[in-house]
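Everything on this sheet refers to the single structure shown next.
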Amino acid sequence: MDENEFMAQQFEAHRPHLRAVAYRMLGSVSEAEDAVQESWIRLARSDTSEVENLAGWLTTVVARVCLNLLQSRRARRENLLGVHLPDPIVGTIEEVGPEHDALLADSVGLALLVVLDTLTPSERLAFVLHDMFAVPFEDIAPIVDRSPAAARQLASRARRRLQGAPVPDADVARQREVVDAFLAAARGGSFEDLVAVLDPDVVLRADVGAVPMGASTEVRGAEQVAARALNFARLARFAHPALVNGTAGAVAIAEGQVLSVLGVTIRGGLIVEIDILADRDRLARLTVEDFH
């Protein structure tokens, strides 16, 4: 095995970790893949003969790439209106099993990704690297061009912002029951049954992409969300149970086309957040299993 083959093999061993870092940094599957690929290009062009910790070196490289992407994205989004949701990770409900506990422990929910999107790029980087991947602040500091103490403050500020993010119930079977009840109520047009499964302070976010202003929206309160959910009764007829970022959700498919992905956050047996991605362009790029 020559040196290039050996380096490629080493990189592939680290790819899942790098993809996990990039997805948590960016909330975008395609951008995360691009960031990982860019880290491979930089590795191939670099002299790593004196690198003692390749995993750490690659993590730093992919973090720098992600930071640049976040900064350019932040500038672009200042001109955008409406709700923008992270890319969901969709799988079939059959994936629940003995291995699922490990998957859930390593997954990051849509609700948390939504809050991560409210952080500054540097805050997000510091929090993700330190709190999710245990990267020391001494290693984070050069990436954000700050002192270790300042990097620690970035993560601390991020942590305070994230305190309000809901922590979902861990029982996926119970989550499934709540989501099924929600979908049944939507299909049946029952306002009362919808309200019964919603937390009083529930929030619904719908991202339909680049369409006229007002189509992508955020609605709060059980009665307001129930009223909006009745408008989704048509989509509910095409809903299939799914895992969305490791928790119970649904994907609506008609004639082989993905119409929407429904991510649900459940706490105390009630739905506290509903995130609906119905942006056709982004749905076309998602990897969705065969739910038929």
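A note on labels: chains of the structure tokens are A, B, ... as shown, every chain counts residues from 1, and ligands are counted from 1 in their shown order.
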
Skipping near chain neighbours, those fewer than 4 positions away, what residues fall within 6 Å of region 170-183 of chain A using only C-alpha atoms, listed as a ChimeraX atom specification? /A:194,236,248

Could you list, as JSON, numbers by chain, every residue within 12 Å of Asp281 (chain A), counting only C-alpha atoms and ignoring same-chain residues fewer than 2 positions away? {"A": [87, 207, 208, 209, 210, 211, 257, 258, 259, 260, 277, 278, 279, 283, 284, 285, 286]}

Output file for the residues above (C-alpha atoms, as a compact mmCIF listing (two decimals), in the first residue's frame):
```txt
# COMPACT_ATOMS: atom_id res chain seq x y z
CA ASP A 87 -32.09 19.32 6.82
CA ASP A 207 -40.46 25.79 5.67
CA VAL A 208 -41.77 25.70 2.10
CA GLY A 209 -38.76 27.36 0.52
CA ALA A 210 -38.54 30.27 -1.89
CA VAL A 211 -42.23 31.00 -2.32
CA GLN A 257 -42.67 12.06 -4.61
CA VAL A 258 -41.76 13.31 -1.14
CA LEU A 259 -44.23 16.09 -0.27
CA SER A 260 -43.03 16.90 3.24
CA LEU A 277 -40.01 20.80 5.66
CA ALA A 278 -41.99 21.18 2.42
CA ASP A 279 -39.37 22.91 0.28
CA LEU A 283 -36.75 17.54 -0.43
CA ALA A 284 -35.53 16.42 -3.85
CA ARG A 285 -31.98 16.33 -2.48
CA LEU A 286 -32.83 14.34 0.66
```

With a distance cut-off of 8 Å and only C-alpha atoms, select the neighbouring residues of Leu116 (chain A), excluding the residue or stretch itself and same-chain residues fewer than 4 positions from it, and output the selection as a list in words.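 The neighbour list is Leu112, Arg124 and Leu162 of chain A.
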
Taking only C-alpha atoms into account, name the residue in A:Asn245, A:Ser30, A:Ser46, A:Asn68 that is nearest to Pro168 (chain A). A:Asn245

Residues of region 30-85 of chain A that approach region 131-138 of chain A to 12 Å or less, counting only C-alpha atoms: could you list each one with the shortest pair of atoms and its distance in Å to one decimal, rows by chain and increasing residue number, as CSV?
```
residue,atom,partner,partner_atom,distance
A:Ala55,CA,A:Val135,CA,11.0
A:Gly56,CA,A:Val135,CA,8.3
A:Trp57,CA,A:Val135,CA,11.3
A:Thr59,CA,A:Val135,CA,9.0
A:Thr60,CA,A:Val135,CA,9.4
A:Ala63,CA,A:Val135,CA,11.1
```

Of the candidates A:Val167, A:Phe238, A:Arg160, A:Ala32, which one gets nearest to Phe127 (chain A) if we count only C-alpha atoms? A:Arg160

Quick one: residues within 9 Å of region 146-151 of chain A, only C-alpha atoms counted, chain neighbours fewer than 5 positions away excluded, as an MDAnalysis selection string? chainID A and resid 122:123 126 136:141 156

Just-selected residues, N, CA, C and O atoms written as a short mmCIF file (atom, residue, chain, number, x, y, z; two decimals), in the first residue's frame:
```cif
data_model
loop_
_atom_site.label_atom_id
_atom_site.label_comp_id
_atom_site.auth_asym_id
_atom_site.auth_seq_id
_atom_site.Cartn_x
_atom_site.Cartn_y
_atom_site.Cartn_z
N SER A 122 -19.23 31.68 15.46
CA SER A 122 -18.20 31.34 16.43
C SER A 122 -18.78 30.65 17.67
O SER A 122 -18.18 29.71 18.21
N GLU A 123 -19.96 31.11 18.12
CA GLU A 123 -20.62 30.46 19.26
C GLU A 123 -20.97 29.02 18.92
O GLU A 123 -20.78 28.11 19.73
N ALA A 126 -17.80 26.81 18.82
CA ALA A 126 -17.26 26.53 20.15
C ALA A 126 -18.13 25.53 20.89
O ALA A 126 -17.62 24.60 21.54
N PRO A 136 -10.83 20.38 23.28
CA PRO A 136 -10.39 21.36 24.27
C PRO A 136 -10.46 22.79 23.73
O PRO A 136 -10.27 23.02 22.52
N PHE A 137 -10.70 23.75 24.61
CA PHE A 137 -10.76 25.15 24.20
C PHE A 137 -9.42 25.63 23.65
O PHE A 137 -9.37 26.54 22.82
N GLU A 138 -8.34 25.00 24.09
CA GLU A 138 -7.02 25.36 23.56
C GLU A 138 -6.94 25.07 22.06
O GLU A 138 -6.23 25.76 21.32
N ASP A 139 -7.65 24.04 21.60
CA ASP A 139 -7.66 23.69 20.18
C ASP A 139 -8.71 24.50 19.41
O ASP A 139 -8.56 24.71 18.20
N ILE A 140 -9.76 24.92 20.10
CA ILE A 140 -10.82 25.71 19.46
C ILE A 140 -10.38 27.15 19.23
O ILE A 140 -10.71 27.77 18.22
N ALA A 141 -9.59 27.67 20.17
CA ALA A 141 -9.20 29.09 20.15
C ALA A 141 -8.60 29.54 18.82
O ALA A 141 -9.01 30.57 18.26
N SER A 156 -20.03 29.20 26.50
CA SER A 156 -20.90 29.51 27.63
C SER A 156 -22.13 30.30 27.18
O SER A 156 -23.25 30.03 27.60
#
```

Based on the backbone DSSP call, show me all residues of region 50-253 of chain A assigned strand (DSSP E or B), as a PyMOL selection string. chain A and resi 90-92+198-207+217-220+239-244+247-253

Long-range neighbours of Val203 (chain A) as an NGL selection string, 10 Å cut-off, only C-alpha atoms, 5 positions minimum in chain: :A and (198 or 218-222 or 224-225 or 265 or 271-275)

Expected file: the selected residues, N, CA, C and O atoms, as a PDB file, in the first residue's frame:
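part_30.pdb, written as the output of this step:
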```
ATOM      1  N   LEU A 198     -51.287  18.344  22.007  1.00  0.00           N
ATOM      2  CA  LEU A 198     -50.369  19.472  21.883  1.00  0.00           C
ATOM      3  C   LEU A 198     -50.115  20.138  23.227  1.00  0.00           C
ATOM      4  O   LEU A 198     -51.041  20.344  24.024  1.00  0.00           O
ATOM      5  N   GLU A 218     -44.175  30.532  11.265  1.00  0.00           N
ATOM      6  CA  GLU A 218     -44.053  29.987  12.614  1.00  0.00           C
ATOM      7  C   GLU A 218     -45.322  30.335  13.373  1.00  0.00           C
ATOM      8  O   GLU A 218     -45.752  31.495  13.373  1.00  0.00           O
ATOM      9  N   VAL A 219     -45.934  29.329  13.980  1.00  0.00           N
ATOM     10  CA  VAL A 219     -47.195  29.499  14.700  1.00  0.00           C
ATOM     11  C   VAL A 219     -47.017  28.971  16.116  1.00  0.00           C
ATOM     12  O   VAL A 219     -46.396  27.920  16.310  1.00  0.00           O
ATOM     13  N   ARG A 220     -47.554  29.672  17.101  1.00  0.00           N
ATOM     14  CA  ARG A 220     -47.412  29.260  18.504  1.00  0.00           C
ATOM     15  C   ARG A 220     -48.772  29.139  19.186  1.00  0.00           C
ATOM     16  O   ARG A 220     -49.696  29.888  18.861  1.00  0.00           O
ATOM     17  N   GLY A 221     -48.855  28.202  20.128  1.00  0.00           N
ATOM     18  CA  GLY A 221     -50.079  28.005  20.894  1.00  0.00           C
ATOM     19  C   GLY A 221     -50.886  26.836  20.366  1.00  0.00           C
ATOM     20  O   GLY A 221     -51.002  26.644  19.151  1.00  0.00           O
ATOM     21  N   ALA A 222     -51.456  26.015  21.282  1.00  0.00           N
ATOM     22  CA  ALA A 222     -52.139  24.780  20.892  1.00  0.00           C
ATOM     23  C   ALA A 222     -53.300  25.024  19.930  1.00  0.00           C
ATOM     24  O   ALA A 222     -53.438  24.317  18.923  1.00  0.00           O
ATOM     25  N   GLN A 224     -53.884  27.617  17.937  1.00  0.00           N
ATOM     26  CA  GLN A 224     -53.411  28.141  16.648  1.00  0.00           C
ATOM     27  C   GLN A 224     -52.743  27.035  15.817  1.00  0.00           C
ATOM     28  O   GLN A 224     -52.953  26.950  14.603  1.00  0.00           O
ATOM     29  N   VAL A 225     -51.949  26.184  16.486  1.00  0.00           N
ATOM     30  CA  VAL A 225     -51.288  25.092  15.772  1.00  0.00           C
ATOM     31  C   VAL A 225     -52.302  24.056  15.310  1.00  0.00           C
ATOM     32  O   VAL A 225     -52.205  23.532  14.189  1.00  0.00           O
ATOM     33  N   THR A 265     -41.170  17.048  18.235  1.00  0.00           N
ATOM     34  CA  THR A 265     -40.493  16.965  19.531  1.00  0.00           C
ATOM     35  C   THR A 265     -41.550  16.785  20.608  1.00  0.00           C
ATOM     36  O   THR A 265     -42.484  17.599  20.714  1.00  0.00           O
ATOM     37  N   ILE A 271     -46.824  17.105  22.361  1.00  0.00           N
ATOM     38  CA  ILE A 271     -45.997  17.677  21.302  1.00  0.00           C
ATOM     39  C   ILE A 271     -45.658  19.125  21.654  1.00  0.00           C
ATOM     40  O   ILE A 271     -46.555  19.949  21.839  1.00  0.00           O
ATOM     41  N   VAL A 272     -44.365  19.419  21.744  1.00  0.00           N
ATOM     42  CA  VAL A 272     -43.934  20.783  22.075  1.00  0.00           C
ATOM     43  C   VAL A 272     -43.404  21.535  20.844  1.00  0.00           C
ATOM     44  O   VAL A 272     -43.387  22.767  20.824  1.00  0.00           O
ATOM     45  N   GLU A 273     -42.957  20.780  19.814  1.00  0.00           N
ATOM     46  CA  GLU A 273     -42.503  21.417  18.582  1.00  0.00           C
ATOM     47  C   GLU A 273     -42.857  20.542  17.388  1.00  0.00           C
ATOM     48  O   GLU A 273     -42.753  19.314  17.459  1.00  0.00           O
ATOM     49  N   ILE A 274     -43.274  21.197  16.301  1.00  0.00           N
ATOM     50  CA  ILE A 274     -43.518  20.524  15.033  1.00  0.00           C
ATOM     51  C   ILE A 274     -42.728  21.280  13.967  1.00  0.00           C
ATOM     52  O   ILE A 274     -42.884  22.491  13.829  1.00  0.00           O
ATOM     53  N   ASP A 275     -41.871  20.564  13.253  1.00  0.00           N
ATOM     54  CA  ASP A 275     -41.075  21.171  12.191  1.00  0.00           C
ATOM     55  C   ASP A 275     -41.403  20.473  10.875  1.00  0.00           C
ATOM     56  O   ASP A 275     -41.205  19.258  10.750  1.00  0.00           O
TER      57      ASP A 275
END
```

Restricting the calculation to only C-alpha atoms, which member of A:Ala184, A:Val108, A:Leu26, A:Val251 is positioned closest to Gly91 (chain A)? A:Val251

As a PyMOL selection string, please: every residue in region 13-256 of chain A that a backbone DSSP assignment puts in helix (DSSP H, G or I). chain A and resi 13-26+29-45+54-77+93-95+100-106+110-116+121-133+137-144+148-162+172-188+191-196+222-230+233-236
